[in-house]
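Structure file protein_9.pdb (PDB, C-alpha atoms and all ligand atoms) is printed below.
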ATOM      1  CA  MET A 871     496.216 -71.778  24.591
ATOM      2  CA  LEU A 872     499.396 -70.066  23.513
ATOM      3  CA  ASP A 873     499.031 -68.638  20.037
ATOM      4  CA  PRO A 874     502.513 -68.741  18.420
ATOM      5  CA  ASP A 875     501.473 -66.090  15.882
ATOM      6  CA  ARG A 876     500.251 -63.610  18.521
ATOM      7  CA  ILE A 877     502.001 -60.265  18.022
ATOM      8  CA  VAL A 878     503.995 -59.230  21.099
ATOM      9  CA  TYR A 879     506.409 -56.370  21.753
ATOM     10  CA  LEU A 880     510.027 -56.978  22.702
ATOM     11  CA  ASN A 881     512.711 -54.296  22.969
ATOM     12  CA  GLY A 882     511.437 -51.945  20.300
ATOM     13  CA  GLU A 883     509.960 -54.478  17.897
ATOM     14  CA  PHE A 884     506.584 -56.073  17.292
ATOM     15  CA  VAL A 885     507.224 -59.775  16.622
ATOM     16  CA  ALA A 886     505.320 -63.082  16.669
ATOM     17  CA  LEU A 887     505.328 -64.728  20.101
ATOM     18  CA  GLN A 888     507.212 -67.705  18.650
ATOM     19  CA  ASP A 889     510.028 -65.396  17.525
ATOM     20  CA  ALA A 890     510.369 -63.435  20.784
ATOM     21  CA  ARG A 891     513.623 -64.452  22.496
ATOM     22  CA  VAL A 892     515.286 -63.303  25.720
ATOM     23  CA  SER A 893     518.755 -64.280  26.957
ATOM     24  CA  VAL A 894     519.024 -66.793  29.816
ATOM     25  CA  LEU A 895     521.207 -64.167  31.492
ATOM     26  CA  ASP A 896     518.293 -61.730  31.670
ATOM     27  CA  ARG A 897     517.989 -60.552  35.273
ATOM     28  CA  GLY A 898     514.266 -61.169  35.071
ATOM     29  CA  PHE A 899     515.040 -64.870  34.572
ATOM     30  CA  ILE A 900     517.979 -65.068  37.001
ATOM     31  CA  TYR A 901     516.682 -62.884  39.874
ATOM     32  CA  GLY A 902     513.081 -61.948  39.132
ATOM     33  CA  ASP A 903     514.622 -58.466  38.921
ATOM     34  CA  GLY A 904     511.827 -56.587  37.196
ATOM     35  CA  VAL A 905     508.410 -55.016  37.477
ATOM     36  CA  TYR A 906     505.163 -55.485  35.574
ATOM     37  CA  GLU A 907     501.640 -54.267  35.004
ATOM     38  CA  VAL A 908     498.415 -55.857  33.794
ATOM     39  CA  ILE A 909     496.077 -53.399  32.092
ATOM     40  CA  PRO A 910     492.482 -54.422  31.326
ATOM     41  CA  VAL A 911     491.273 -53.450  27.852
ATOM     42  CA  TYR A 912     487.569 -53.368  27.003
ATOM     43  CA  GLY A 913     486.503 -52.896  23.389
ATOM     44  CA  ARG A 914     490.131 -51.858  22.625
ATOM     45  CA  GLN A 915     489.945 -49.116  25.301
ATOM     46  CA  PRO A 916     492.482 -49.472  28.118
ATOM     47  CA  PHE A 917     490.807 -49.005  31.532
ATOM     48  CA  ARG A 918     492.493 -46.556  33.935
ATOM     49  CA  MET A 919     495.728 -46.528  31.935
ATOM     50  CA  PRO A 920     497.131 -43.348  33.599
ATOM     51  CA  GLN A 921     496.755 -45.052  36.981
ATOM     52  CA  HIS A 922     498.523 -48.183  35.711
ATOM     53  CA  LEU A 923     501.367 -46.091  34.267
ATOM     54  CA  ARG A 924     501.683 -44.174  37.545
ATOM     55  CA  ARG A 925     501.902 -47.423  39.502
ATOM     56  CA  LEU A 926     504.498 -48.681  37.003
ATOM     57  CA  GLN A 927     506.602 -45.593  37.766
ATOM     58  CA  TYR A 928     506.168 -46.239  41.503
ATOM     59  CA  SER A 929     507.338 -49.858  41.115
ATOM     60  CA  LEU A 930     510.306 -48.772  38.954
ATOM     61  CA  ASP A 931     511.288 -46.154  41.550
ATOM     62  CA  GLY A 932     510.956 -48.816  44.244
ATOM     63  CA  ILE A 933     513.500 -51.102  42.540
ATOM     64  CA  ARG A 934     515.667 -48.173  41.359
ATOM     65  CA  LEU A 935     515.243 -48.835  37.635
ATOM     66  CA  ALA A 936     514.909 -45.887  35.242
ATOM     67  CA  ASN A 937     511.687 -45.719  33.252
ATOM     68  CA  PRO A 938     512.705 -46.364  29.635
ATOM     69  CA  HIS A 939     509.695 -44.415  28.261
ATOM     70  CA  THR A 940     507.602 -41.344  28.916
ATOM     71  CA  GLU A 941     503.886 -41.771  29.640
ATOM     72  CA  ALA A 942     503.120 -40.592  26.100
ATOM     73  CA  GLN A 943     505.474 -43.220  24.648
ATOM     74  CA  TRP A 944     503.938 -45.973  26.779
ATOM     75  CA  ASP A 945     500.490 -44.837  25.750
ATOM     76  CA  ALA A 946     501.413 -45.068  22.062
ATOM     77  CA  LEU A 947     503.094 -48.494  22.417
ATOM     78  CA  VAL A 948     500.204 -49.931  24.416
ATOM     79  CA  ARG A 949     497.660 -48.692  21.867
ATOM     80  CA  GLU A 950     499.705 -50.086  18.991
ATOM     81  CA  LEU A 951     499.871 -53.511  20.631
ATOM     82  CA  ILE A 952     496.117 -53.437  21.326
ATOM     83  CA  ALA A 953     495.424 -52.589  17.680
ATOM     84  CA  LYS A 954     497.498 -55.579  16.507
ATOM     85  CA  GLN A 955     495.341 -58.156  18.315
ATOM     86  CA  PRO A 956     492.410 -59.829  16.527
ATOM     87  CA  PHE A 957     490.188 -59.613  19.680
ATOM     88  CA  ALA A 958     488.869 -56.447  21.345
ATOM     89  CA  ASP A 959     488.733 -57.304  25.064
ATOM     90  CA  GLN A 960     492.257 -57.849  26.301
ATOM     91  CA  ALA A 961     494.454 -58.200  29.366
ATOM     92  CA  LEU A 962     497.660 -56.412  28.429
ATOM     93  CA  TYR A 963     500.815 -57.549  30.242
ATOM     94  CA  LEU A 964     503.847 -55.270  30.379
ATOM     95  CA  GLN A 965     507.191 -56.161  31.965
ATOM     96  CA  ILE A 966     510.512 -54.364  32.384
ATOM     97  CA  THR A 967     513.576 -56.141  33.750
ATOM     98  CA  ARG A 968     517.046 -54.870  34.608
ATOM     99  CA  GLY A 969     518.378 -56.383  31.392
ATOM    100  CA  VAL A 970     521.030 -58.913  30.421
ATOM    101  CA  ALA A 971     524.327 -59.010  32.332
ATOM    102  CA  LYS A 972     526.940 -61.339  33.842
ATOM    103  CA  ARG A 973     525.373 -62.930  36.906
ATOM    104  CA  ASP A 974     526.082 -60.695  39.907
ATOM    105  CA  HIS A 975     523.582 -59.418  42.452
ATOM    106  CA  ALA A 976     524.763 -55.798  42.148
ATOM    107  CA  PHE A 977     523.033 -53.643  39.531
ATOM    108  CA  PRO A 978     524.836 -53.811  36.174
ATOM    109  CA  ILE A 979     526.055 -50.471  34.793
ATOM    110  CA  GLY A 980     525.060 -49.187  31.363
ATOM    111  CA  VAL A 981     522.815 -52.148  30.532
ATOM    112  CA  PRO A 982     519.523 -51.443  28.704
ATOM    113  CA  PRO A 983     516.376 -52.857  30.348
ATOM    114  CA  THR A 984     514.411 -55.646  28.698
ATOM    115  CA  ILE A 985     510.928 -54.459  27.744
ATOM    116  CA  PHE A 986     508.239 -57.007  26.955
ATOM    117  CA  MET A 987     504.506 -56.630  26.314
ATOM    118  CA  MET A 988     501.838 -59.111  25.275
ATOM    119  CA  SER A 989     498.076 -58.858  25.176
ATOM    120  CA  ASN A 990     495.843 -61.865  25.749
ATOM    121  CA  PRO A 991     492.075 -62.255  25.443
ATOM    122  CA  PHE A 992     490.419 -60.803  28.565
ATOM    123  CA  PRO A 993     489.640 -63.738  30.873
ATOM    124  CA  PHE A 994     486.159 -62.623  31.952
ATOM    125  CA  PRO A 995     485.156 -64.330  35.210
ATOM    126  CA  PRO A 996     482.683 -67.159  34.553
ATOM    127  CA  ARG A 997     479.019 -66.264  35.057
ATOM    128  CA  GLU A 998     478.884 -68.797  37.864
ATOM    129  CA  GLN A 999     481.511 -66.852  39.871
ATOM    130  CA  ILE A1000     479.690 -63.549  39.383
ATOM    131  CA  GLU A1001     476.299 -64.944  40.371
ATOM    132  CA  HIS A1002     477.295 -67.300  43.165
ATOM    133  CA  GLY A1003     480.602 -65.937  44.412
ATOM    134  CA  VAL A1004     483.897 -67.717  44.919
ATOM    135  CA  ALA A1005     485.591 -69.954  47.473
ATOM    136  CA  VAL A1006     488.754 -68.750  49.205
ATOM    137  CA  VAL A1007     491.115 -70.239  51.759
ATOM    138  CA  THR A1008     493.115 -68.385  54.405
ATOM    139  CA  ALA A1009     496.837 -68.391  55.179
ATOM    140  CA  GLU A1010     499.480 -66.445  57.056
ATOM    141  CA  ASP A1011     501.081 -63.797  54.862
ATOM    142  CA  ASN A1012     504.761 -64.781  54.709
ATOM    143  CA  ARG A1013     505.810 -62.562  51.795
ATOM    144  CA  TRP A1014     508.403 -59.783  51.953
ATOM    145  CA  MET A1015     507.720 -56.274  53.269
ATOM    146  CA  ARG A1016     507.459 -54.527  49.870
ATOM    147  CA  CYS A1017     504.194 -55.981  48.659
ATOM    148  CA  ASP A1018     503.366 -52.470  47.382
ATOM    149  CA  LEU A1019     505.771 -53.012  44.460
ATOM    150  CA  LYS A1020     504.461 -54.935  41.464
ATOM    151  CA  THR A1021     507.602 -56.985  40.912
ATOM    152  CA  THR A1022     508.041 -60.092  38.797
ATOM    153  CA  SER A1023     509.490 -61.850  41.881
ATOM    154  CA  LEU A1024     506.183 -63.562  42.591
ATOM    155  CA  LEU A1025     507.205 -66.839  44.247
ATOM    156  CA  GLY A1026     505.486 -65.905  47.525
ATOM    157  CA  ASN A1027     502.264 -65.185  45.639
ATOM    158  CA  VAL A1028     502.640 -68.303  43.464
ATOM    159  CA  LEU A1029     502.943 -70.533  46.550
ATOM    160  CA  MET A1030     499.928 -68.792  48.105
ATOM    161  CA  ARG A1031     497.790 -69.271  44.988
ATOM    162  CA  GLN A1032     498.644 -72.965  44.855
ATOM    163  CA  ILE A1033     497.280 -73.435  48.394
ATOM    164  CA  ALA A1034     493.928 -72.282  46.991
ATOM    165  CA  VAL A1035     494.170 -74.458  43.877
ATOM    166  CA  ASP A1036     495.005 -77.514  45.994
ATOM    167  CA  ARG A1037     491.810 -76.935  47.997
ATOM    168  CA  ASN A1038     489.513 -76.172  45.056
ATOM    169  CA  ALA A1039     489.340 -72.480  45.875
ATOM    170  CA  VAL A1040     490.066 -69.490  43.625
ATOM    171  CA  GLU A1041     492.111 -67.376  46.016
ATOM    172  CA  THR A1042     494.120 -67.439  49.223
ATOM    173  CA  ILE A1043     493.407 -64.476  51.465
ATOM    174  CA  MET A1044     496.218 -63.582  53.820
ATOM    175  CA  PHE A1045     496.627 -62.258  57.343
ATOM    176  CA  ARG A1046     499.746 -60.732  58.856
ATOM    177  CA  ASP A1047     499.934 -60.084  62.613
ATOM    178  CA  ASP A1048     496.234 -60.880  62.809
ATOM    179  CA  HIS A1049     495.338 -58.266  60.179
ATOM    180  CA  LEU A1050     493.918 -58.734  56.695
ATOM    181  CA  THR A1051     496.414 -57.917  53.931
ATOM    182  CA  GLU A1052     495.280 -59.094  50.472
ATOM    183  CA  ALA A1053     494.978 -62.242  48.364
ATOM    184  CA  SER A1054     497.586 -63.963  46.163
ATOM    185  CA  ALA A1055     496.639 -61.926  43.075
ATOM    186  CA  SER A1056     493.828 -59.644  44.226
ATOM    187  CA  ASN A1057     492.884 -57.150  46.916
ATOM    188  CA  VAL A1058     490.314 -57.929  49.593
ATOM    189  CA  LEU A1059     487.541 -55.596  50.765
ATOM    190  CA  ILE A1060     484.801 -56.215  53.324
ATOM    191  CA  VAL A1061     481.367 -54.804  54.096
ATOM    192  CA  LYS A1062     480.185 -54.204  57.627
ATOM    193  CA  ASN A1063     476.899 -52.524  58.551
ATOM    194  CA  GLY A1064     476.610 -51.090  55.042
ATOM    195  CA  SER A1065     480.132 -49.573  54.949
ATOM    196  CA  VAL A1066     482.778 -50.733  52.516
ATOM    197  CA  ILE A1067     486.000 -51.244  54.470
ATOM    198  CA  ALA A1068     489.411 -51.697  52.853
ATOM    199  CA  PRO A1069     492.887 -52.207  54.354
ATOM    200  CA  PRO A1070     495.141 -49.162  53.799
ATOM    201  CA  LYS A1071     497.485 -49.038  50.814
ATOM    202  CA  ASP A1072     500.694 -49.426  52.818
ATOM    203  CA  ASN A1073     503.776 -51.562  52.131
ATOM    204  CA  LEU A1074     501.872 -54.771  52.916
ATOM    205  CA  ILE A1075     499.526 -54.794  49.925
ATOM    206  CA  LEU A1076     499.604 -53.981  46.246
ATOM    207  CA  PRO A1077     497.835 -50.658  45.632
ATOM    208  CA  GLY A1078     495.233 -52.215  43.348
ATOM    209  CA  ILE A1079     493.787 -50.177  40.511
ATOM    210  CA  THR A1080     490.549 -52.168  40.781
ATOM    211  CA  TYR A1081     490.540 -51.616  44.579
ATOM    212  CA  ASP A1082     490.524 -47.869  43.817
ATOM    213  CA  ALA A1083     487.909 -48.323  41.093
ATOM    214  CA  ALA A1084     485.661 -50.328  43.437
ATOM    215  CA  LEU A1085     485.970 -47.711  46.203
ATOM    216  CA  ASP A1086     485.284 -44.907  43.688
ATOM    217  CA  VAL A1087     482.182 -46.737  42.512
ATOM    218  CA  ALA A1088     481.054 -47.339  46.113
ATOM    219  CA  ARG A1089     481.404 -43.621  46.916
ATOM    220  CA  ALA A1090     479.664 -42.658  43.665
ATOM    221  CA  ILE A1091     476.587 -44.673  44.595
ATOM    222  CA  GLY A1092     476.547 -43.159  48.080
ATOM    223  CA  LEU A1093     478.044 -45.926  50.196
ATOM    224  CA  PRO A1094     480.202 -45.042  53.200
ATOM    225  CA  VAL A1095     483.836 -46.045  52.616
ATOM    226  CA  ASP A1096     486.347 -46.617  55.390
ATOM    227  CA  VAL A1097     490.030 -47.271  54.663
ATOM    228  CA  ARG A1098     491.667 -48.667  57.791
ATOM    229  CA  PRO A1099     493.331 -51.800  59.188
ATOM    230  CA  VAL A1100     490.993 -54.811  59.341
ATOM    231  CA  THR A1101     491.507 -57.493  61.963
ATOM    232  CA  ARG A1102     491.182 -61.196  61.159
ATOM    233  CA  HIS A1103     488.127 -61.419  63.403
ATOM    234  CA  GLU A1104     486.492 -58.474  61.694
ATOM    235  CA  ALA A1105     487.183 -59.898  58.244
ATOM    236  CA  LEU A1106     485.880 -63.345  59.085
ATOM    237  CA  SER A1107     482.727 -61.962  60.732
ATOM    238  CA  ALA A1108     481.999 -59.327  58.049
ATOM    239  CA  ASN A1109     478.639 -59.118  56.293
ATOM    240  CA  GLU A1110     480.369 -59.409  52.915
ATOM    241  CA  MET A1111     483.852 -59.960  51.546
ATOM    242  CA  TRP A1112     484.991 -59.179  47.992
ATOM    243  CA  ILE A1113     488.142 -59.753  45.985
ATOM    244  CA  SER A1114     489.186 -57.247  43.311
ATOM    245  CA  SER A1115     491.677 -57.361  40.456
ATOM    246  CA  SER A1116     492.062 -56.156  36.903
ATOM    247  CA  THR A1117     491.009 -59.492  35.427
ATOM    248  CA  ARG A1118     488.524 -60.642  38.096
ATOM    249  CA  GLU A1119     486.994 -57.172  38.414
ATOM    250  CA  VAL A1120     485.010 -57.547  41.673
ATOM    251  CA  LEU A1121     483.804 -60.926  42.939
ATOM    252  CA  ALA A1122     481.996 -61.849  46.147
ATOM    253  CA  VAL A1123     483.516 -64.390  48.543
ATOM    254  CA  THR A1124     480.878 -66.949  49.525
ATOM    255  CA  LYS A1125     482.998 -69.737  51.018
ATOM    256  CA  ILE A1126     485.999 -69.494  53.344
ATOM    257  CA  ASP A1127     488.110 -72.529  54.266
ATOM    258  CA  GLY A1128     485.351 -74.851  53.074
ATOM    259  CA  ALA A1129     482.507 -73.275  55.091
ATOM    260  CA  PRO A1130     479.745 -71.077  53.638
ATOM    261  CA  PHE A1131     480.405 -67.374  54.236
ATOM    262  CA  ALA A1132     477.933 -64.467  54.356
ATOM    263  CA  GLY A1133     474.957 -66.731  53.756
ATOM    264  CA  GLY A1134     476.738 -68.459  50.872
ATOM    265  CA  ALA A1135     475.548 -65.908  48.279
ATOM    266  CA  PRO A1136     476.770 -62.500  47.010
ATOM    267  CA  GLY A1137     475.348 -59.767  49.258
ATOM    268  CA  PRO A1138     473.288 -56.691  48.348
ATOM    269  CA  VAL A1139     476.207 -54.237  48.607
ATOM    270  CA  PHE A1140     478.292 -56.388  46.270
ATOM    271  CA  ARG A1141     475.458 -56.557  43.761
ATOM    272  CA  ALA A1142     475.049 -52.774  43.749
ATOM    273  CA  VAL A1143     478.785 -52.135  43.361
ATOM    274  CA  TRP A1144     479.242 -54.832  40.726
ATOM    275  CA  GLN A1145     476.399 -53.362  38.679
ATOM    276  CA  ALA A1146     477.752 -49.804  38.965
ATOM    277  CA  PHE A1147     481.265 -51.032  38.116
ATOM    278  CA  GLN A1148     479.974 -52.659  34.908
ATOM    279  CA  GLU A1149     478.229 -49.442  33.933
ATOM    280  CA  ARG A1150     481.346 -47.320  34.460
ATOM    281  CA  LYS A1151     483.983 -49.376  32.669
ATOM    282  CA  PRO A1152     484.471 -49.032  28.896
ATOM    283  CA  HIS A1153     481.995 -51.102  26.954
ATOM    284  CA  PRO A1154     483.196 -54.672  26.238
ATOM    285  CA  SER A1155     483.009 -55.714  22.607
ATOM    286  CA  HIS A1156     480.614 -58.599  23.161
ATOM    287  CA  ALA A1157     477.174 -58.600  24.796
ATOM    288  CA  PRO A1158     477.726 -57.100  28.256
ATOM    289  CA  THR A1159     476.846 -59.117  31.329
ATOM    290  CA  ALA A1160     475.615 -55.998  33.127
ATOM    291  CA  ALA A1161     472.064 -57.223  33.467
ATOM    292  CA  LEU A1162     473.193 -60.427  35.142
ATOM    293  CA  LEU A1163     472.503 -59.438  38.722
ATOM    294  CA  ARG A1164     469.358 -57.396  38.152
TER     295      ARG A1164
HETATM  296  C1  LIG A1201     499.085 -59.369  44.969
HETATM  297  C2  LIG A1201     498.060 -58.585  44.218
HETATM  298  N1  LIG A1201     497.236 -57.784  44.890
HETATM  299  C3  LIG A1201     496.284 -57.061  44.251
HETATM  300  C4  LIG A1201     496.109 -57.144  42.874
HETATM  301  C5  LIG A1201     495.031 -56.335  42.196
HETATM  302  O1  LIG A1201     495.574 -55.239  41.516
HETATM  303  P1  LIG A1201     494.842 -54.621  40.252
HETATM  304  O2  LIG A1201     493.452 -54.286  40.688
HETATM  305  O3  LIG A1201     495.625 -53.419  39.934
HETATM  306  O4  LIG A1201     494.840 -55.655  39.177
HETATM  307  C6  LIG A1201     496.960 -57.964  42.134
HETATM  308  C7  LIG A1201     496.799 -58.039  40.670
HETATM  309  O5  LIG A1201     497.321 -58.870  40.001
HETATM  310  C8  LIG A1201     497.956 -58.705  42.816
HETATM  311  O6  LIG A1201     498.786 -59.508  42.137
END

Take the structure in the file and write it out as structure tokens.
Ligand SMILES: Cc1ncc(COP(=O)(O)O)c(C=O)c1O
Amino acid sequence: MLDPDRIVYLNGEFVALQDARVSVLDRGFIYGDGVYEVIPVYGRQPFRMPQHLRRLQYSLDGIRLANPHTEAQWDALVRELIAKQPFADQALYLQITRGVAKRDHAFPIGVPPTIFMMSNPFPFPPREQIEHGVAVVTAEDNRWMRCDLKTTSLLGNVLMRQIAVDRNAVETIMFRDDHLTEASASNVLIVKNGSVIAPPKDNLILPGITYDAALDVARAIGLPVDVRPVTRHEALSANEMWISSSTREVLAVTKIDGAPFAGGAPGPVFRAVWQAFQERKPHPSHAPTAALLR
């Protein structure tokens, strides 16, 4: 539900969502000419904020848009927005577009960017998905070649996600040239013979902050980690498959294209990593679900 009184940030001001207005000539609206971040916030503590701000800089560099703020300024703004919300566990959305200008593909000169932030209640994955895993479908990755940039031009990802929705699945995992890339709004990792294997962070996938967190956790609990290209055959015959994202955290894939996968239940490596992930993130404000898989 949209809360019209929710305090959001727009171009230097904290205002109610219902009062936040952007011109129809904004290049975010006209061209999807902007970048964004989603930062998970547990108990009012942002998780891995320096990494999110670094990736924001990378995306801005990638679209040749100057960063309007220093890291310290972003940190202060993000914390102020968090403090203004009545709930403690949040998913903070931050977007910068190339601003408002006469419609023309070329970059406008001397135009200030549009800066927007909102923070919604953290959409914790349902217990059912944590305990029993999720269904995914597969598709050919037909997006552009700069999937490493977190841009607001998300039509390729939107169309991919809808394929999953239409088939009662939560994600669409994609293959390009017979290799695993990622899912419509999450990264994909597999487990084979006890090793956690992840596709490299090249131009074909978003360098996920949760992907890094999951691999860090795996290493910390002594699991072998291998970052390398993963073929379709290898992915579909893996012992386990996981999806990772800031809002889904880590979830096991237990159904692919309608057929049970990996025995139809989250595997032992997933359970160990999920548990360790819960223990390492900042404490959520409500009763933690950390004991769920014990
Ligand atoms: C296409 C895509 N890949 C991967 C991810 C996961 O990234 P993160 O873990 O930083 O949320 C996302 C997150 O929304 C995404 O949209």

At most 7 Å from ligand LIG 1201 (chain A) (only C-alpha atoms and all ligand atoms): residue list as a PyMOL selection string: chain A and resi 908+1027+1052-1057+1075-1081+1114-1117

Neighbour list for Asn1109 (chain A) as a ChimeraX atom specification, cut-off 7 Å, all atoms listed in the file, skip fewer than 2 positions in-chain: /A:1061-1062,1107,1132

Residues selected by the PyMOL selection byres (((chain A and resi 1093) around 9) and not hetatm), written as a compact mmCIF listing (two decimals) with C-alpha atoms, in the coordinates of the input:
# COMPACT_ATOMS: atom_id res chain seq x y z
CA GLY A 1064 476.61 -51.09 55.04
CA SER A 1065 480.13 -49.57 54.95
CA VAL A 1066 482.78 -50.73 52.52
CA VAL A 1087 482.18 -46.74 42.51
CA ALA A 1088 481.05 -47.34 46.11
CA ARG A 1089 481.40 -43.62 46.92
CA ALA A 1090 479.66 -42.66 43.66
CA ILE A 1091 476.59 -44.67 44.60
CA GLY A 1092 476.55 -43.16 48.08
CA PRO A 1094 480.20 -45.04 53.20
CA VAL A 1095 483.84 -46.04 52.62
CA VAL A 1139 476.21 -54.24 48.61

So that each row is one residue of region 877-903 of chain A with an atom at most 9 Å from region 964-983 of chain A, can you give its shortest atom pair and the distance in Å to one decimal, using only C-alpha atoms, rows by chain and rising number, as a Markdown table?
| residue | atom | partner | partner_atom | distance |
| --- | --- | --- | --- | --- |
| A:Asn881 | CA | A:Pro983 | CA | 8.4 |
| A:Val892 | CA | A:Val970 | CA | 8.6 |
| A:Ser893 | CA | A:Val970 | CA | 6.8 |
| A:Val894 | CA | A:Val970 | CA | 8.2 |
| A:Leu895 | CA | A:Val970 | CA | 5.4 |
| A:Asp896 | CA | A:Val970 | CA | 4.1 |
| A:Arg897 | CA | A:Gly969 | CA | 5.7 |
| A:Gly898 | CA | A:Thr967 | CA | 5.2 |
| A:Phe899 | CA | A:Thr967 | CA | 8.9 |
| A:Ile900 | CA | A:Arg973 | CA | 7.7 |
| A:Tyr901 | CA | A:His975 | CA | 8.1 |
| A:Gly902 | CA | A:Thr967 | CA | 7.9 |
| A:Asp903 | CA | A:Thr967 | CA | 5.8 |

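Using all atoms listed in the file, the shortest contact distance between Ala1009 (chain A) and any of A:Ile1126, A:Ala942, A:Ile952, A:Leu926 is found at A:Ile1126.
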
Given the PyMOL selection byres (((chain A and resi 910-916) around 12) and not hetatm), the residues it picks as a VMD selection string: chain A and resid 907 to 909 917 to 923 945 to 946 948 to 964 989 to 994 1079 to 1080 1115 to 1119 1148 1150 to 1158

One-decimal distance in Å that lies between CA of Arg891 (chain A) and CA of Val878 (chain A): 11.0 Å

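CA of Gly1128 (chain A) lies 18.5 Å from CA of Glu1001 (chain A).
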
Selection result of the PyMOL selection byres (((chain A and resi 1034) around 12) and not hetatm) on this file, as a JSON list (two decimals) with C-alpha atoms, in the coordinates of the input:
[["chain", "number", "residue", "atom", "x", "y", "z"],
["A", 1004, "VAL", "CA", 483.90, -67.72, 44.92],
["A", 1005, "ALA", "CA", 485.59, -69.95, 47.47],
["A", 1006, "VAL", "CA", 488.75, -68.75, 49.20],
["A", 1007, "VAL", "CA", 491.12, -70.24, 51.76],
["A", 1008, "THR", "CA", 493.12, -68.39, 54.40],
["A", 1009, "ALA", "CA", 496.84, -68.39, 55.18],
["A", 1027, "ASN", "CA", 502.26, -65.18, 45.64],
["A", 1028, "VAL", "CA", 502.64, -68.30, 43.46],
["A", 1029, "LEU", "CA", 502.94, -70.53, 46.55],
["A", 1030, "MET", "CA", 499.93, -68.79, 48.10],
["A", 1031, "ARG", "CA", 497.79, -69.27, 44.99],
["A", 1032, "GLN", "CA", 498.64, -72.96, 44.86],
["A", 1033, "ILE", "CA", 497.28, -73.44, 48.39],
["A", 1035, "VAL", "CA", 494.17, -74.46, 43.88],
["A", 1036, "ASP", "CA", 495.00, -77.51, 45.99],
["A", 1037, "ARG", "CA", 491.81, -76.94, 48.00],
["A", 1038, "ASN", "CA", 489.51, -76.17, 45.06],
["A", 1039, "ALA", "CA", 489.34, -72.48, 45.88],
["A", 1040, "VAL", "CA", 490.07, -69.49, 43.62],
["A", 1041, "GLU", "CA", 492.11, -67.38, 46.02],
["A", 1042, "THR", "CA", 494.12, -67.44, 49.22],
["A", 1043, "ILE", "CA", 493.41, -64.48, 51.46],
["A", 1044, "MET", "CA", 496.22, -63.58, 53.82],
["A", 1053, "ALA", "CA", 494.98, -62.24, 48.36],
["A", 1054, "SER", "CA", 497.59, -63.96, 46.16],
["A", 1055, "ALA", "CA", 496.64, -61.93, 43.08],
["A", 1125, "LYS", "CA", 483.00, -69.74, 51.02],
["A", 1126, "ILE", "CA", 486.00, -69.49, 53.34],
["A", 1127, "ASP", "CA", 488.11, -72.53, 54.27],
["A", 1128, "GLY", "CA", 485.35, -74.85, 53.07]]

For CA of Asp1082 (chain A) and CA of Leu1025 (chain A), the interatomic separation in Å (one decimal):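 Distance reported for this atom pair: 25.3 Å.
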
Pick from A:Arg1141, A:His1002, A:Arg1102, A:Lys1020 nearest to Thr1124 (chain A), counting only C-alpha atoms: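 Result for the nearest residue to Thr1124 (chain A): A:His1002.
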
At a cut-off of 9 Å, using only C-alpha atoms, what residues contact His1049 (chain A)? Leave out same-chain residues fewer than 5 positions from it and give the result as a PDB file with C-alpha atoms, keeping the file's coordinate frame.
ATOM      1  CA  MET A1044     496.218 -63.582  53.820  1.00  0.00           C
ATOM      2  CA  PRO A1069     492.887 -52.207  54.354  1.00  0.00           C
ATOM      3  CA  PRO A1099     493.331 -51.800  59.188  1.00  0.00           C
ATOM      4  CA  VAL A1100     490.993 -54.811  59.341  1.00  0.00           C
ATOM      5  CA  THR A1101     491.507 -57.493  61.963  1.00  0.00           C
ATOM      6  CA  ARG A1102     491.182 -61.196  61.159  1.00  0.00           C
ATOM      7  CA  HIS A1103     488.127 -61.419  63.403  1.00  0.00           C
ATOM      8  CA  GLU A1104     486.492 -58.474  61.694  1.00  0.00           C
ATOM      9  CA  ALA A1105     487.183 -59.898  58.244  1.00  0.00           C
TER      10      ALA A1105
END

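Compared by their closest atoms to Asp1048 (chain A), and using all atoms listed in the file, the residues A:Leu947, A:Pro1136, A:Glu1010, A:Ala890 rank with A:Glu1010 nearest.
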
With 4 Å of padding per side, what axis-aligned box (centre and edge lengths, Å, one decimal) covers all the listed atoms of region 1076-1095 of chain A? Give it as lines of an AutoDock Vina configuration file.
center_x = 488.1
center_y = -48.3
center_z = 46.9
size_x = 31.1
size_y = 19.3
size_z = 20.7

Protein/DNA/RNA residues near (514.7, -49.0, 45.0), cut 12 Å, all atoms listed in the file, as an NGL selection string: :A and (903-905 or 927-936 or 977 or 1016 or 1019 or 1021)

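Every protein, DNA or RNA residue with an atom at most 6 Å from Ile877 (chain A), where all atoms listed in the file count and chain neighbours fewer than 3 positions away do not, is listed here: Val885, Ala886 and Leu887 of chain A.
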
Spatial neighbours of Leu1059 (chain A), max dist 6 Å, all atoms listed in the file, sep filter under 5 positions, as a PyMOL selection string: chain A and resi 1067-1068+1111-1112

Best match for closeness to Asp1086 (chain A) among A:Arg1046, A:Phe1147, A:Pro1070, A:Ala1122, counting only C-alpha atoms: A:Phe1147
